[in-house]
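Below is data26.pdb, holding PDB, C-alpha atoms, pLDDT in the B column.
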```pdb
ATOM      1  CA  MET C   1      50.362  76.513  24.599  1.00 68.00           C
ATOM      2  CA  SER C   2      47.821  73.746  24.909  1.00 90.00           C
ATOM      3  CA  TYR C   3      47.001  70.240  23.862  1.00 97.00           C
ATOM      4  CA  VAL C   4      45.997  69.397  20.305  1.00 97.00           C
ATOM      5  CA  ILE C   5      43.796  66.592  19.005  1.00 98.00           C
ATOM      6  CA  THR C   6      45.215  64.914  15.902  1.00 97.00           C
ATOM      7  CA  ALA C   7      44.304  62.450  13.113  1.00 97.00           C
ATOM      8  CA  PRO C   8      43.391  59.350  15.167  1.00 97.00           C
ATOM      9  CA  CYS C   9      40.353  61.236  16.511  1.00 96.00           C
ATOM     10  CA  ILE C  10      38.877  61.812  13.061  1.00 95.00           C
ATOM     11  CA  ASP C  11      35.577  59.955  12.843  1.00 90.00           C
ATOM     12  CA  GLU C  12      36.405  58.193  16.152  1.00 90.00           C
ATOM     13  CA  LYS C  13      35.240  60.867  18.612  1.00 90.00           C
ATOM     14  CA  ALA C  14      35.257  58.524  21.625  1.00 91.00           C
ATOM     15  CA  GLY C  15      34.640  61.400  24.061  1.00 93.00           C
ATOM     16  CA  GLU C  16      36.531  60.334  27.165  1.00 96.00           C
ATOM     17  CA  CYS C  17      38.557  63.557  26.851  1.00 97.00           C
ATOM     18  CA  VAL C  18      35.415  65.670  27.120  1.00 97.00           C
ATOM     19  CA  GLU C  19      34.318  63.864  30.269  1.00 96.00           C
ATOM     20  CA  VAL C  20      37.592  64.423  32.166  1.00 98.00           C
ATOM     21  CA  CYS C  21      38.389  68.003  31.137  1.00 98.00           C
ATOM     22  CA  PRO C  22      38.147  70.166  34.282  1.00 98.00           C
ATOM     23  CA  VAL C  23      37.657  73.406  32.328  1.00 97.00           C
ATOM     24  CA  ASP C  24      35.328  72.198  29.536  1.00 97.00           C
ATOM     25  CA  CYS C  25      37.672  73.305  26.751  1.00 96.00           C
ATOM     26  CA  ILE C  26      36.977  70.394  24.387  1.00 97.00           C
ATOM     27  CA  GLU C  27      34.224  70.815  21.810  1.00 96.00           C
ATOM     28  CA  PRO C  28      32.899  68.512  19.102  1.00 96.00           C
ATOM     29  CA  GLY C  29      33.434  69.394  15.456  1.00 96.00           C
ATOM     30  CA  ASP C  30      32.011  67.648  12.424  1.00 93.00           C
ATOM     31  CA  ASP C  31      34.694  64.972  12.278  1.00 95.00           C
ATOM     32  CA  GLN C  32      36.724  65.288  15.503  1.00 97.00           C
ATOM     33  CA  PHE C  33      36.978  67.016  18.879  1.00 97.00           C
ATOM     34  CA  TYR C  34      38.911  70.270  19.319  1.00 97.00           C
ATOM     35  CA  ILE C  35      40.690  71.762  22.333  1.00 96.00           C
ATOM     36  CA  ASP C  36      40.288  75.502  22.799  1.00 94.00           C
ATOM     37  CA  PRO C  37      43.856  76.768  23.341  1.00 90.00           C
ATOM     38  CA  GLU C  38      42.584  79.874  25.149  1.00 91.00           C
ATOM     39  CA  ILE C  39      40.821  77.806  27.824  1.00 94.00           C
ATOM     40  CA  CYS C  40      43.096  74.740  28.133  1.00 95.00           C
ATOM     41  CA  ILE C  41      45.047  74.711  31.413  1.00 96.00           C
ATOM     42  CA  GLU C  42      47.463  72.023  30.190  1.00 96.00           C
ATOM     43  CA  CYS C  43      46.576  69.539  32.923  1.00 96.00           C
ATOM     44  CA  GLY C  44      47.017  66.531  30.619  1.00 96.00           C
ATOM     45  CA  ALA C  45      43.875  64.742  31.792  1.00 97.00           C
ATOM     46  CA  CYS C  46      42.590  64.444  28.230  1.00 97.00           C
ATOM     47  CA  GLU C  47      45.831  62.988  26.908  1.00 97.00           C
ATOM     48  CA  SER C  48      45.904  60.235  29.499  1.00 96.00           C
ATOM     49  CA  VAL C  49      42.379  58.956  28.753  1.00 98.00           C
ATOM     50  CA  CYS C  50      42.319  59.170  24.951  1.00 97.00           C
ATOM     51  CA  PRO C  51      41.715  55.586  23.742  1.00 96.00           C
ATOM     52  CA  VAL C  52      43.218  56.306  20.309  1.00 96.00           C
ATOM     53  CA  SER C  53      46.266  58.332  21.469  1.00 96.00           C
ATOM     54  CA  ALA C  54      45.218  61.369  19.437  1.00 97.00           C
ATOM     55  CA  ILE C  55      46.094  64.086  21.961  1.00 98.00           C
ATOM     56  CA  PHE C  56      49.512  65.686  22.232  1.00 97.00           C
ATOM     57  CA  HIS C  57      50.928  68.774  23.860  1.00 97.00           C
ATOM     58  CA  GLU C  58      51.579  71.443  21.244  1.00 94.00           C
ATOM     59  CA  ASP C  59      55.329  71.284  21.963  1.00 95.00           C
ATOM     60  CA  ASP C  60      55.365  67.537  21.231  1.00 96.00           C
ATOM     61  CA  LEU C  61      53.576  67.606  17.867  1.00 96.00           C
ATOM     62  CA  LEU C  62      55.287  65.926  14.949  1.00 96.00           C
ATOM     63  CA  ASP C  63      55.612  68.013  11.797  1.00 96.00           C
ATOM     64  CA  GLU C  64      52.851  66.034  10.123  1.00 97.00           C
ATOM     65  CA  ASP C  65      50.497  66.888  13.005  1.00 97.00           C
ATOM     66  CA  LEU C  66      51.010  70.672  12.838  1.00 96.00           C
ATOM     67  CA  PRO C  67      48.013  71.124  10.511  1.00 96.00           C
ATOM     68  CA  TYR C  68      45.795  69.958  13.399  1.00 96.00           C
ATOM     69  CA  LEU C  69      46.982  72.895  15.494  1.00 93.00           C
ATOM     70  CA  GLU C  70      45.950  75.259  12.696  1.00 93.00           C
ATOM     71  CA  LYS C  71      42.687  73.357  12.251  1.00 94.00           C
ATOM     72  CA  ALA C  72      41.878  73.901  15.942  1.00 93.00           C
ATOM     73  CA  ARG C  73      42.731  77.599  15.730  1.00 91.00           C
ATOM     74  CA  LYS C  74      40.402  77.977  12.741  1.00 94.00           C
ATOM     75  CA  PHE C  75      37.662  76.027  14.514  1.00 96.00           C
ATOM     76  CA  PHE C  76      37.735  78.534  17.375  1.00 94.00           C
ATOM     77  CA  GLY C  77      38.119  81.528  15.033  1.00 90.00           C
ATOM     78  CA  ARG C  78      41.681  82.293  16.113  1.00 75.00           C
ATOM     79  CA  GLU C  79      43.521  82.074  12.806  1.00 67.00           C
TER      80      GLU C  79
END
```
For the structure just supplied, provide its representation as structure tokens.
Amino acid sequence: MSYVITAPCIDEKAGECVEVCPVDCIEPGDDQFYIDPEICIECGACESVCPVSAIFHEDDLLDEDLPYLEKARKFFGRE
């Protein structure tokens, strides 16, 4: 399990999440940031600083946000 970055991040890419991540698991993509689920330690630091409320724990994703979990897995080559 890990955190997932969803739609509000698209084209926003504020970056506060990257700055606070203690394990450097957040990487920039073309249109949004992605959290590597293999590295994430589920500390929640990223969620608390996101200015657009785009970050959710995988267990708390709404059905419409599930594609962002798959998008992150593809980004890191873990389909």
**Message:** Rounded to one decimal, what separation in Å do you get between CA of Val23 (chain C) and CA of Leu62 (chain C)?
**Reply:**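 It comes out at 25.9 Å.
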**Request:** Spell out the residues picked by the PyMOL selection byres ((chain C and resi 37-48) around 9) here, as number ranges by chain.
**Result:** C: 1-5, 16-26, 35-36, 49-51, 53-57, 72-73, 76
Which neighbours of region 9-15 of chain C fall inside 7 Å, counting all atoms listed in the file, when residues of the same chain fewer than 6 positions from it are skipped, and could you give them as a compact mmCIF listing (two decimals) with C-alpha atoms, in the coordinates of the input?
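The file below, around_16.txt, is the result:
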```txt
# COMPACT_ATOMS: atom_id res chain seq x y z
CA ASP C 31 34.69 64.97 12.28
CA GLN C 32 36.72 65.29 15.50
CA PHE C 33 36.98 67.02 18.88
CA VAL C 52 43.22 56.31 20.31
CA ALA C 54 45.22 61.37 19.44
```
**Message:** Can you measure CA of Tyr68 (chain C) to CA of Pro8 (chain C) for me? One decimal in Å is fine.
**Reply:**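 Computing it gives 11.0 Å between the two atoms.
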**Gap from CA of Asp59 (chain C) to CA of Pro28 (chain C) - Å, one decimal** = 22.8 Å
